[in-house]
Every structure is written in C-alpha cells, then in structure tokens.
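As provided, upload.cif (mmCIF, C-alpha atoms) reads as follows.
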data_upload
loop_
_atom_site.group_PDB
_atom_site.id
_atom_site.type_symbol
_atom_site.label_atom_id
_atom_site.label_comp_id
_atom_site.auth_asym_id
_atom_site.auth_seq_id
_atom_site.Cartn_x
_atom_site.Cartn_y
_atom_site.Cartn_z
ATOM 1 C CA MET A 1 86.300 86.143 -48.805
ATOM 2 C CA LYS A 2 86.948 89.669 -47.663
ATOM 3 C CA ARG A 3 85.110 89.090 -44.428
ATOM 4 C CA LEU A 4 87.416 86.236 -43.531
ATOM 5 C CA ALA A 5 90.565 87.996 -44.670
ATOM 6 C CA LEU A 6 89.812 91.032 -42.559
ATOM 7 C CA PRO A 7 90.644 89.601 -39.122
ATOM 8 C CA LEU A 8 93.926 88.292 -40.482
ATOM 9 C CA CYS A 9 94.832 91.724 -41.684
ATOM 10 C CA LEU A 10 93.694 93.487 -38.534
ATOM 11 C CA ALA A 11 95.674 90.996 -36.486
ATOM 12 C CA ILE A 12 98.837 92.108 -38.228
ATOM 13 C CA GLY A 13 98.647 95.487 -36.591
ATOM 14 C CA LEU A 14 100.908 98.336 -37.503
ATOM 15 C CA LEU A 15 102.934 97.816 -40.621
ATOM 16 C CA GLY A 16 105.840 100.077 -39.856
ATOM 17 C CA PRO A 17 106.647 103.595 -40.933
ATOM 18 C CA GLY A 18 103.627 105.652 -41.837
ATOM 19 C CA VAL A 19 103.185 105.718 -45.564
ATOM 20 C CA HIS A 20 99.660 106.951 -45.920
ATOM 21 C CA ALA A 21 98.078 110.260 -45.322
ATOM 22 C CA GLU A 22 95.679 110.088 -42.386
ATOM 23 C CA GLY A 23 93.641 107.197 -43.750
ATOM 24 C CA GLY A 24 93.151 109.044 -47.029
ATOM 25 C CA ALA A 25 94.061 108.091 -50.555
ATOM 26 C CA ILE A 26 97.758 107.798 -51.354
ATOM 27 C CA VAL A 27 97.005 107.735 -55.063
ATOM 28 C CA PRO A 28 94.063 109.083 -57.020
ATOM 29 C CA PRO A 29 91.473 106.413 -57.912
ATOM 30 C CA ILE A 30 91.793 105.183 -61.481
ATOM 31 C CA GLU A 31 89.051 106.620 -63.647
ATOM 32 C CA HIS A 32 90.349 105.432 -67.013
ATOM 33 C CA ALA A 33 87.598 103.164 -68.325
ATOM 34 C CA ALA A 34 89.697 100.746 -70.411
ATOM 35 C CA THR A 35 92.225 100.259 -67.604
ATOM 36 C CA LEU A 36 89.479 99.604 -65.073
ATOM 37 C CA LYS A 37 87.697 97.191 -67.382
ATOM 38 C CA GLU A 38 90.612 95.196 -68.761
ATOM 39 C CA CYS A 39 93.138 95.191 -65.903
ATOM 40 C CA GLY A 40 90.375 95.085 -63.340
ATOM 41 C CA ALA A 41 88.821 91.958 -64.831
ATOM 42 C CA CYS A 42 91.438 89.780 -63.136
ATOM 43 C CA HIS A 43 92.937 91.899 -60.362
ATOM 44 C CA LEU A 44 92.834 95.320 -58.799
ATOM 45 C CA ALA A 45 93.721 97.857 -61.467
ATOM 46 C CA PHE A 46 97.037 98.622 -59.812
ATOM 47 C CA PRO A 47 98.017 102.263 -59.294
ATOM 48 C CA PRO A 48 100.247 103.306 -62.188
ATOM 49 C CA GLN A 49 102.212 105.514 -59.779
ATOM 50 C CA MET A 50 103.727 102.437 -58.148
ATOM 51 C CA LEU A 51 105.970 101.518 -61.096
ATOM 52 C CA PRO A 52 108.059 103.586 -63.507
ATOM 53 C CA ALA A 53 106.827 104.117 -67.077
ATOM 54 C CA ARG A 54 109.460 101.733 -68.467
ATOM 55 C CA SER A 55 107.958 98.938 -66.364
ATOM 56 C CA TRP A 56 104.437 99.497 -67.650
ATOM 57 C CA LYS A 57 105.656 99.612 -71.246
ATOM 58 C CA LYS A 58 107.560 96.351 -70.870
ATOM 59 C CA LEU A 59 104.683 94.615 -69.095
ATOM 60 C CA MET A 60 102.106 95.798 -71.602
ATOM 61 C CA GLY A 61 104.423 94.723 -74.425
ATOM 62 C CA ASP A 62 104.120 91.029 -73.534
ATOM 63 C CA LEU A 63 100.545 90.391 -72.476
ATOM 64 C CA ALA A 64 100.611 86.927 -74.038
ATOM 65 C CA ASN A 65 102.907 85.980 -71.146
ATOM 66 C CA HIS A 66 101.448 87.908 -68.249
ATOM 67 C CA PHE A 67 102.719 86.329 -65.022
ATOM 68 C CA GLY A 68 101.987 82.849 -66.282
ATOM 69 C CA GLU A 69 98.819 83.574 -68.232
ATOM 70 C CA SER A 70 97.719 85.065 -71.494
ATOM 71 C CA ALA A 71 96.127 88.479 -70.955
ATOM 72 C CA SER A 72 96.185 89.427 -74.624
ATOM 73 C CA LEU A 73 94.172 92.452 -75.714
ATOM 74 C CA PRO A 74 93.160 93.937 -79.039
ATOM 75 C CA GLU A 75 95.912 96.342 -80.103
ATOM 76 C CA ALA A 76 93.788 99.485 -79.753
ATOM 77 C CA ALA A 77 92.958 98.710 -76.112
ATOM 78 C CA ARG A 78 96.518 97.637 -75.372
ATOM 79 C CA ALA A 79 97.932 100.883 -76.740
ATOM 80 C CA GLU A 80 95.377 103.045 -74.958
ATOM 81 C CA ILE A 81 96.004 101.409 -71.588
ATOM 82 C CA THR A 82 99.778 101.540 -72.019
ATOM 83 C CA ALA A 83 99.587 105.264 -72.736
ATOM 84 C CA TYR A 84 97.465 105.839 -69.632
ATOM 85 C CA LEU A 85 99.770 103.827 -67.377
ATOM 86 C CA ALA A 86 102.915 105.518 -68.716
ATOM 87 C CA ALA A 87 101.413 108.998 -68.402
ATOM 88 C CA ASN A 88 100.562 108.327 -64.738
ATOM 89 C CA ALA A 89 103.617 106.249 -63.799
ATOM 90 C CA GLY A 90 105.662 107.007 -60.720
ATOM 91 C CA ASP A 91 108.249 108.871 -62.763
ATOM 92 C CA ALA A 92 105.677 110.918 -64.679
ATOM 93 C CA ALA A 93 105.566 114.560 -63.705
ATOM 94 C CA ILE A 94 101.983 114.412 -62.471
ATOM 95 C CA ALA A 95 102.398 111.329 -60.265
ATOM 96 C CA LYS A 96 101.269 111.832 -56.715
ATOM 97 C CA ASN A 97 103.756 110.262 -54.274
ATOM 98 C CA GLY A 98 105.697 108.893 -57.244
ATOM 99 C CA ARG A 99 109.159 109.452 -55.829
ATOM 100 C CA ARG A 100 108.237 107.634 -52.637
ATOM 101 C CA PHE A 101 106.963 104.580 -54.539
ATOM 102 C CA LEU A 102 110.019 104.400 -56.770
ATOM 103 C CA ARG A 103 112.714 104.982 -54.157
ATOM 104 C CA GLY A 104 115.540 102.494 -54.321
ATOM 105 C CA ILE A 105 114.723 101.267 -57.833
ATOM 106 C CA ASP A 106 117.912 101.418 -59.878
ATOM 107 C CA ALA A 107 117.609 103.267 -63.177
ATOM 108 C CA ALA A 108 118.929 100.144 -64.892
ATOM 109 C CA GLU A 109 116.177 97.982 -63.389
ATOM 110 C CA THR A 110 112.702 97.455 -64.829
ATOM 111 C CA PRO A 111 110.627 95.797 -62.109
ATOM 112 C CA LEU A 112 107.474 94.088 -63.387
ATOM 113 C CA ARG A 113 105.868 93.506 -60.020
ATOM 114 C CA ILE A 114 104.953 96.237 -57.553
ATOM 115 C CA THR A 115 105.711 93.670 -54.833
ATOM 116 C CA GLU A 116 109.372 93.657 -55.958
ATOM 117 C CA THR A 117 109.878 97.332 -55.236
ATOM 118 C CA PRO A 118 111.762 98.444 -52.112
ATOM 119 C CA PHE A 119 108.797 100.650 -51.214
ATOM 120 C CA TRP A 120 106.305 97.778 -51.226
ATOM 121 C CA GLN A 121 108.648 95.435 -49.397
ATOM 122 C CA GLY A 122 109.425 98.073 -46.795
ATOM 123 C CA VAL A 123 105.807 98.749 -45.880
ATOM 124 C CA HIS A 124 104.921 95.049 -45.799
ATOM 125 C CA GLU A 125 107.999 93.712 -44.036
ATOM 126 C CA GLU A 126 106.131 92.987 -40.821
ATOM 127 C CA VAL A 127 103.356 91.037 -42.530
ATOM 128 C CA PRO A 128 104.028 87.322 -42.018
ATOM 129 C CA ASN A 129 104.210 85.385 -45.256
ATOM 130 C CA PRO A 130 101.375 82.930 -44.427
ATOM 131 C CA TYR A 131 98.903 85.819 -44.575
ATOM 132 C CA PHE A 132 99.746 86.407 -48.197
ATOM 133 C CA THR A 133 99.497 82.765 -49.178
ATOM 134 C CA SER A 134 96.380 81.880 -47.182
ATOM 135 C CA ALA A 135 93.500 80.502 -49.241
ATOM 136 C CA LYS A 136 91.537 83.708 -48.821
ATOM 137 C CA VAL A 137 94.275 86.123 -49.814
ATOM 138 C CA LYS A 138 96.122 83.769 -52.164
ATOM 139 C CA THR A 139 98.818 86.181 -53.350
ATOM 140 C CA PRO A 140 100.430 89.492 -52.341
ATOM 141 C CA ALA A 141 98.969 90.833 -55.593
ATOM 142 C CA ASN A 142 95.504 90.646 -54.009
ATOM 143 C CA CYS A 143 95.789 94.123 -52.447
ATOM 144 C CA ALA A 144 92.066 94.461 -51.812
ATOM 145 C CA ALA A 145 91.962 91.387 -49.562
ATOM 146 C CA CYS A 146 93.441 93.565 -46.813
ATOM 147 C CA HIS A 147 93.236 97.080 -48.242
ATOM 148 C CA ARG A 148 89.518 96.980 -48.776
ATOM 149 C CA ALA A 149 89.309 100.485 -50.199
ATOM 150 C CA ALA A 150 92.302 99.973 -52.497
ATOM 151 C CA ALA A 151 90.200 100.747 -55.564
ATOM 152 C CA LYS A 152 89.727 104.231 -54.147
ATOM 153 C CA GLY A 153 93.461 104.692 -53.739
ATOM 154 C CA VAL A 154 93.271 104.066 -49.996
ATOM 155 C CA PHE A 155 95.884 101.618 -48.746
ATOM 156 C CA GLY A 156 95.527 101.874 -44.984
ATOM 157 C CA GLU A 157 96.628 99.364 -42.429
ATOM 158 C CA GLY A 158 94.129 96.640 -43.142
ATOM 159 C CA GLY A 159 90.375 96.486 -43.322
ATOM 160 C CA GLU A 160 89.743 100.167 -43.795
ATOM 161 C CA GLU A 161 86.512 100.946 -45.528
ATOM 162 C CA GLU A 162 86.910 104.660 -45.952
ATOM 163 C CA MET B 1 34.385 89.742 -73.439
ATOM 164 C CA ARG B 2 38.052 88.961 -73.889
ATOM 165 C CA SER B 3 39.113 89.343 -77.509
ATOM 166 C CA LEU B 4 40.975 86.672 -79.387
ATOM 167 C CA PRO B 5 44.108 88.833 -79.873
ATOM 168 C CA SER B 6 44.461 89.412 -76.125
ATOM 169 C CA ILE B 7 44.210 85.677 -75.445
ATOM 170 C CA LEU B 8 46.856 85.102 -78.110
ATOM 171 C CA SER B 9 49.173 87.655 -76.592
ATOM 172 C CA LEU B 10 48.743 86.076 -73.161
ATOM 173 C CA ALA B 11 49.713 82.753 -74.680
ATOM 174 C CA LEU B 12 52.754 84.345 -76.314
ATOM 175 C CA VAL B 13 53.834 85.858 -73.001
ATOM 176 C CA ALA B 14 53.510 82.443 -71.400
ATOM 177 C CA ILE B 15 55.667 80.850 -74.114
ATOM 178 C CA ALA B 16 58.268 83.609 -73.806
ATOM 179 C CA GLY B 17 58.328 83.060 -70.044
ATOM 180 C CA VAL B 18 59.168 79.407 -70.522
ATOM 181 C CA ALA B 19 61.886 80.323 -73.010
ATOM 182 C CA VAL B 20 63.533 82.796 -70.632
ATOM 183 C CA ALA B 21 63.414 80.278 -67.813
ATOM 184 C CA GLY B 22 65.377 77.866 -70.001
ATOM 185 C CA THR B 23 68.618 78.693 -71.757
ATOM 186 C CA VAL B 24 67.279 80.243 -74.947
ATOM 187 C CA ASN B 25 68.855 83.583 -75.722
ATOM 188 C CA PRO B 26 69.037 85.027 -79.240
ATOM 189 C CA ALA B 27 72.531 86.456 -78.805
ATOM 190 C CA ARG B 28 73.883 83.195 -77.394
ATOM 191 C CA ASP B 29 72.124 81.231 -80.125
ATOM 192 C CA ALA B 30 73.756 83.432 -82.760
ATOM 193 C CA ILE B 31 77.202 82.851 -81.231
ATOM 194 C CA LEU B 32 76.592 79.102 -81.166
ATOM 195 C CA ALA B 33 75.287 79.166 -84.757
ATOM 196 C CA SER B 34 78.461 80.917 -85.872
ATOM 197 C CA PHE B 35 80.661 78.316 -84.147
ATOM 198 C CA ALA B 36 78.497 75.552 -85.653
ATOM 199 C CA ALA B 37 78.984 76.965 -89.153
ATOM 200 C CA THR B 38 82.761 77.015 -88.648
ATOM 201 C CA ALA B 39 82.735 73.510 -87.166
ATOM 202 C CA LYS B 40 80.804 72.230 -90.186
ATOM 203 C CA LEU B 41 83.303 73.847 -92.560
ATOM 204 C CA VAL B 42 86.228 72.210 -90.773
ATOM 205 C CA ASP B 43 84.489 68.849 -90.482
ATOM 206 C CA PRO B 44 81.528 68.100 -92.764
ATOM 207 C CA ALA B 45 80.605 65.216 -90.454
ATOM 208 C CA PHE B 46 79.894 67.673 -87.595
ATOM 209 C CA THR B 47 76.338 67.146 -86.395
ATOM 210 C CA GLY B 48 76.036 69.407 -83.362
ATOM 211 C CA PHE B 49 77.531 70.459 -80.067
ATOM 212 C CA SER B 50 77.632 68.189 -77.064
ATOM 213 C CA ALA B 51 77.243 69.211 -73.432
ATOM 214 C CA GLU B 52 78.887 65.913 -72.515
ATOM 215 C CA ARG B 53 82.001 66.706 -74.555
ATOM 216 C CA GLY B 54 81.958 70.208 -73.123
ATOM 217 C CA HIS B 55 81.896 68.806 -69.591
ATOM 218 C CA ALA B 56 84.815 66.501 -70.334
ATOM 219 C CA PHE B 57 86.785 69.388 -71.843
ATOM 220 C CA TRP B 58 85.977 71.629 -68.854
ATOM 221 C CA THR B 59 87.283 69.156 -66.286
ATOM 222 C CA ALA B 60 90.194 67.695 -68.274
ATOM 223 C CA ALA B 61 93.799 68.323 -67.334
ATOM 224 C CA HIS B 62 95.232 69.699 -70.570
ATOM 225 C CA THR B 63 98.834 69.890 -71.682
ATOM 226 C CA GLY B 64 100.661 72.409 -73.812
ATOM 227 C CA GLY B 65 99.581 75.477 -71.893
ATOM 228 C CA LYS B 66 101.079 77.372 -69.014
ATOM 229 C CA PRO B 67 101.993 75.260 -65.977
ATOM 230 C CA ASP B 68 99.831 77.148 -63.477
ATOM 231 C CA THR B 69 96.638 76.709 -65.482
ATOM 232 C CA PRO B 70 96.271 73.131 -66.779
ATOM 233 C CA SER B 71 92.456 73.177 -66.743
ATOM 234 C CA CYS B 72 89.390 75.395 -66.956
ATOM 235 C CA THR B 73 88.847 74.298 -63.366
ATOM 236 C CA SER B 74 92.169 75.851 -62.258
ATOM 237 C CA CYS B 75 90.371 79.179 -61.948
ATOM 238 C CA HIS B 76 86.672 78.352 -62.414
ATOM 239 C CA THR B 77 86.605 75.325 -60.028
ATOM 240 C CA PRO B 78 85.076 71.987 -61.162
ATOM 241 C CA ASP B 79 81.591 73.289 -60.300
ATOM 242 C CA PRO B 80 80.288 75.784 -62.886
ATOM 243 C CA MET B 81 77.627 76.903 -60.398
ATOM 244 C CA ALA B 82 80.333 78.091 -57.998
ATOM 245 C CA GLU B 83 82.337 81.303 -58.028
ATOM 246 C CA GLY B 84 85.868 80.973 -59.303
ATOM 247 C CA GLN B 85 88.971 82.903 -58.409
ATOM 248 C CA THR B 86 91.609 84.423 -60.669
ATOM 249 C CA ARG B 87 95.236 83.630 -59.950
ATOM 250 C CA ALA B 88 95.465 87.161 -58.575
ATOM 251 C CA GLY B 89 92.726 86.367 -56.058
ATOM 252 C CA LYS B 90 89.765 88.181 -57.610
ATOM 253 C CA GLN B 91 86.394 86.438 -57.631
ATOM 254 C CA ILE B 92 84.947 85.234 -60.938
ATOM 255 C CA ALA B 93 81.176 85.036 -61.264
ATOM 256 C CA PRO B 94 79.900 81.495 -61.937
ATOM 257 C CA MET B 95 80.147 80.373 -65.554
ATOM 258 C CA ALA B 96 76.809 78.505 -65.367
ATOM 259 C CA VAL B 97 74.217 80.446 -67.330
ATOM 260 C CA SER B 98 71.586 79.734 -64.668
ATOM 261 C CA LYS B 99 73.762 81.650 -62.195
ATOM 262 C CA THR B 100 75.103 84.347 -64.525
ATOM 263 C CA PRO B 101 72.482 84.784 -67.245
ATOM 264 C CA ASP B 102 74.481 87.103 -69.511
ATOM 265 C CA ARG B 103 77.266 84.551 -70.047
ATOM 266 C CA PHE B 104 78.087 83.964 -73.734
ATOM 267 C CA THR B 105 75.837 86.715 -75.063
ATOM 268 C CA ASP B 106 78.607 89.169 -76.085
ATOM 269 C CA SER B 107 80.586 87.872 -79.037
ATOM 270 C CA ALA B 108 83.638 90.085 -78.474
ATOM 271 C CA LYS B 109 83.823 89.044 -74.824
ATOM 272 C CA VAL B 110 83.472 85.373 -75.760
ATOM 273 C CA GLU B 111 86.309 85.633 -78.279
ATOM 274 C CA LYS B 112 88.536 87.593 -75.909
ATOM 275 C CA TRP B 113 88.263 85.098 -73.072
ATOM 276 C CA PHE B 114 88.444 81.917 -75.145
ATOM 277 C CA GLY B 115 91.413 83.504 -76.928
ATOM 278 C CA ARG B 116 93.250 84.148 -73.683
ATOM 279 C CA ASN B 117 92.221 81.144 -71.681
ATOM 280 C CA CYS B 118 92.668 78.504 -74.394
ATOM 281 C CA ASN B 119 96.204 79.776 -74.883
ATOM 282 C CA SER B 120 96.825 79.754 -71.128
ATOM 283 C CA VAL B 121 95.366 76.264 -70.653
ATOM 284 C CA LEU B 122 96.148 74.468 -73.941
ATOM 285 C CA GLY B 123 98.828 76.639 -75.521
ATOM 286 C CA ARG B 124 96.660 77.109 -78.626
ATOM 287 C CA ASP B 125 93.363 78.541 -79.758
ATOM 288 C CA CYS B 126 90.325 76.365 -79.128
ATOM 289 C CA THR B 127 88.446 74.962 -82.093
ATOM 290 C CA ALA B 128 84.923 76.087 -82.885
ATOM 291 C CA THR B 129 83.698 72.662 -81.778
ATOM 292 C CA GLU B 130 85.446 72.943 -78.406
ATOM 293 C CA LYS B 131 84.043 76.428 -77.814
ATOM 294 C CA GLY B 132 80.529 75.401 -78.843
ATOM 295 C CA ASP B 133 80.664 72.277 -76.659
ATOM 296 C CA VAL B 134 81.772 74.250 -73.601
ATOM 297 C CA ILE B 135 79.103 76.912 -74.116
ATOM 298 C CA THR B 136 76.469 74.218 -74.603
ATOM 299 C CA TYR B 137 77.570 72.526 -71.377
ATOM 300 C CA LEU B 138 77.531 75.782 -69.376
ATOM 301 C CA ALA B 139 74.249 76.978 -70.893
ATOM 302 C CA GLY B 140 72.636 73.817 -69.530
ATOM 303 C CA LYS B 141 74.010 74.408 -66.061
#

Turn this file's structure into structure tokens for me.
Amino acid sequence: MKRLALPLCLAIGLLGPGVHAEGGAIVPPIEHAATLKECGACHLAFPPQMLPARSWKKLMGDLANHFGESASLPEAARAEITAYLAANAGDAAIAKNGRRFLRGIDAAETPLRITETPFWQGVHEEVPNPYFTSAKVKTPANCAACHRAAAKGVFGEGGEEE
Amino acid sequence: MRSLPSILSLALVAIAGVAVAGTVNPARDAILASFAATAKLVDPAFTGFSAERGHAFWTAAHTGGKPDTPSCTSCHTPDPMAEGQTRAGKQIAPMAVSKTPDRFTDSAKVEKWFGRNCNSVLGRDCTATEKGDVITYLAGK
C-alpha cells in the first residue's frame, strides 16, 4: 500500500509554507504504551499536540461513537490515555510547536478532527482531493500513507523515511 | 538400542506436530469452551458451534449498527485469508488462523474487539453462539 501511495505523494510536490524543521520531527514520537497500543490499533496514534486538551477530553468521552465506529475501552485505559493526551495537547505548557498547530482555532470551538484545524488545512491546501480518497490512501486521516515516518513525529513533504 | 521411552516421546512429538499444524490451541479452546458454556445456558438445545453459521454471519449485511460498517467484511474483506483495512486506512492482519496463528488466543482481546465491532456492525453485543461460530469459522481458515 505504502509503495503505491508514495509516487502519488511525491507527485504533489511542495505543500506550501515550510512547517517542518529540516526534515526532522515536528513533534516528539509518542512513547506512551497504552496510547500506542489502543489508538494505534486502528490508525496512527495522532500527535496530541495537534489538538487542544478540550478536544481530546471530548473525543475520549464518547468512544462508543468514534467517527462512526465503536472504539470503546475499559475505563482504566480510557482514563490513562485521556490524561496523556491532555497533558501533551497543543495548549499544554510542554507542547512542542503547540501554538502553531492550534492557530486560528477559536476558544469557543472544540475540533474533533485534526484535519478540521486551520493549521492542517493550510499545509495541505495544495494536495488535490483525489489523493486523499484514492483506494490506497482512503482518508486524510491516514497520515502515514504519505508521511511515512509519521510515527516518529516526522511529517515531511511525502515519502520521507528519515 | 533405542529405549521405549524415547520412542514414545518421538511419537508424542509427532502427534503434537500434527496438532500445531491444525487449529488446536489450548487458549483458543478455552475461549470457545467458555462461549459454549454460555450458549448452553442461554439455549439448552445448543449442540455446538458451526463454521457454516459463522461464515454466513461473517458475510451477512447486518442492520442496526453504524451505517459505514454493515458487515464484518466492511473492514476485513470477504476473504479471511486477506489483509483488511480499518476505516482510517491502517492494515489489519488476516483473521484466518492459518495466516495469523495467535488470533483468538487472548480472551481480553477477543472480548474487546467483539464488544466494539458487534456494536459497530449490529448495534448490539454478539451472542456467545455468534462469537463461537465466527471463531470456529476463522479457526478453520
């Protein structure tokens, strides 16, 4: 899958204003075991820095209706993961690049999708929609289809392994 | 001269080899036995799980669940030997035990995923009979 998605992503070329540091990680890799195991079972364990704490709390408060599926967890795991996400959210003091990810989000808003944030939309605005909905990529939530080192916190301009 | 015990142990190894090549696994058997006990409690006429029923359940288009996931096959594909794909695009290892031998050997994992997926697909928990049938079907694949 990744092999086929790669040329699509490379073909897109530059994605606009530079948002990543010299091909390096823009967020620290997640090392929290429960988050990696439970969130990562279905999708990339998304960087907590890319949403505010209120978003993670709301999302983790309704796992029975998680974007059209049940992602229910035992309460102990749910609480532990929520605490981790909130402590590392974009508006947490320790968040690397947090202000950049959260720019333009109104304090009265609680986005539940990273793809709804002005930051995400800004850096992907030149990516044609068919790339996201192709059979190989399937959804914009499939970060790693193009950002192959996403799990390491590296979100370069497509196909980067480092 | 080869002693009788060593011949016996060779024979035992041979039998164990056949068992491993099939679908016998003590942890999976225990999970199935637990579902069977529940199924018998609910319905005294229960006589055993059926791979055929499990296959029908696997491929059926169910109602009552969430619109994006009407069937097991929505994510797992109709072929249990094939890789599936989550709705978020991540690959799912084949559900067929011949392809992914540790399937249905961890009771907590079995309960977690049937709990989620039955509610996504059917809008309710699966019965012990449904779970046992599906495991029996996939253990034979």

Quick one: residues within 12 Å of His76 (chain B), all atoms listed in the file, excluding same-chain residues fewer than 4 positions away - as number ranges by chain? B: 58-59, 69-72, 80-87, 89-96, 117, 138

Name the residues in contact with Gly64 (chain B) at a cut-off of 12 Å, using all atoms listed in the file, excluding same-chain residues fewer than 5 positions from it; report them as a list in words.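 Here the answer would be Thr69, Pro70, Ser71, Cys118, Asn119, Ser120, Val121, Leu122, Gly123, Arg124 and Asp125 of chain B.
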
I need the chain A residues near chain B as a PDB file with C-alpha atoms, in the coordinates of the input; criterion: at most 12 Å, counting only C-alpha atoms.
ATOM      1  CA  MET A   1      86.300  86.143 -48.805  1.00  0.00           C
ATOM      2  CA  LYS A   2      86.948  89.669 -47.663  1.00  0.00           C
ATOM      3  CA  ALA A   5      90.565  87.996 -44.670  1.00  0.00           C
ATOM      4  CA  LYS A  37      87.697  97.191 -67.382  1.00  0.00           C
ATOM      5  CA  GLU A  38      90.612  95.196 -68.761  1.00  0.00           C
ATOM      6  CA  CYS A  39      93.138  95.191 -65.903  1.00  0.00           C
ATOM      7  CA  GLY A  40      90.375  95.085 -63.340  1.00  0.00           C
ATOM      8  CA  ALA A  41      88.821  91.958 -64.831  1.00  0.00           C
ATOM      9  CA  CYS A  42      91.438  89.780 -63.136  1.00  0.00           C
ATOM     10  CA  HIS A  43      92.937  91.899 -60.362  1.00  0.00           C
ATOM     11  CA  LEU A  44      92.834  95.320 -58.799  1.00  0.00           C
ATOM     12  CA  ALA A  45      93.721  97.857 -61.467  1.00  0.00           C
ATOM     13  CA  PHE A  46      97.037  98.622 -59.812  1.00  0.00           C
ATOM     14  CA  LEU A  63     100.545  90.391 -72.476  1.00  0.00           C
ATOM     15  CA  ALA A  64     100.611  86.927 -74.038  1.00  0.00           C
ATOM     16  CA  ASN A  65     102.907  85.980 -71.146  1.00  0.00           C
ATOM     17  CA  HIS A  66     101.448  87.908 -68.249  1.00  0.00           C
ATOM     18  CA  PHE A  67     102.719  86.329 -65.022  1.00  0.00           C
ATOM     19  CA  GLY A  68     101.987  82.849 -66.282  1.00  0.00           C
ATOM     20  CA  GLU A  69      98.819  83.574 -68.232  1.00  0.00           C
ATOM     21  CA  SER A  70      97.719  85.065 -71.494  1.00  0.00           C
ATOM     22  CA  ALA A  71      96.127  88.479 -70.955  1.00  0.00           C
ATOM     23  CA  SER A  72      96.185  89.427 -74.624  1.00  0.00           C
ATOM     24  CA  LEU A  73      94.172  92.452 -75.714  1.00  0.00           C
ATOM     25  CA  PRO A  74      93.160  93.937 -79.039  1.00  0.00           C
ATOM     26  CA  ALA A  77      92.958  98.710 -76.112  1.00  0.00           C
ATOM     27  CA  PHE A 132      99.746  86.407 -48.197  1.00  0.00           C
ATOM     28  CA  THR A 133      99.497  82.765 -49.178  1.00  0.00           C
ATOM     29  CA  SER A 134      96.380  81.880 -47.182  1.00  0.00           C
ATOM     30  CA  ALA A 135      93.500  80.502 -49.241  1.00  0.00           C
ATOM     31  CA  LYS A 136      91.537  83.708 -48.821  1.00  0.00           C
ATOM     32  CA  VAL A 137      94.275  86.123 -49.814  1.00  0.00           C
ATOM     33  CA  LYS A 138      96.122  83.769 -52.164  1.00  0.00           C
ATOM     34  CA  THR A 139      98.818  86.181 -53.350  1.00  0.00           C
ATOM     35  CA  PRO A 140     100.430  89.492 -52.341  1.00  0.00           C
ATOM     36  CA  ALA A 141      98.969  90.833 -55.593  1.00  0.00           C
ATOM     37  CA  ASN A 142      95.504  90.646 -54.009  1.00  0.00           C
ATOM     38  CA  CYS A 143      95.789  94.123 -52.447  1.00  0.00           C
ATOM     39  CA  ALA A 144      92.066  94.461 -51.812  1.00  0.00           C
ATOM     40  CA  ALA A 145      91.962  91.387 -49.562  1.00  0.00           C
ATOM     41  CA  CYS A 146      93.441  93.565 -46.813  1.00  0.00           C
TER      42      CYS A 146
END

Distance in Å - CA of Pro26 (chain B) versus CA of Glu52 (chain B):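 Between CA of Pro26 (chain B) and CA of Glu52 (chain B) the gap works out to 22.5 Å.
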
For the atom pair CA of Leu36 (chain A) and CA of Pro130 (chain A), what is the interatomic distance in Å to one decimal place? 29.1 Å

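The interatomic distance for the pair CA of Thr82 (chain A) and CA of Ala108 (chain A) works out to 20.5 Å.
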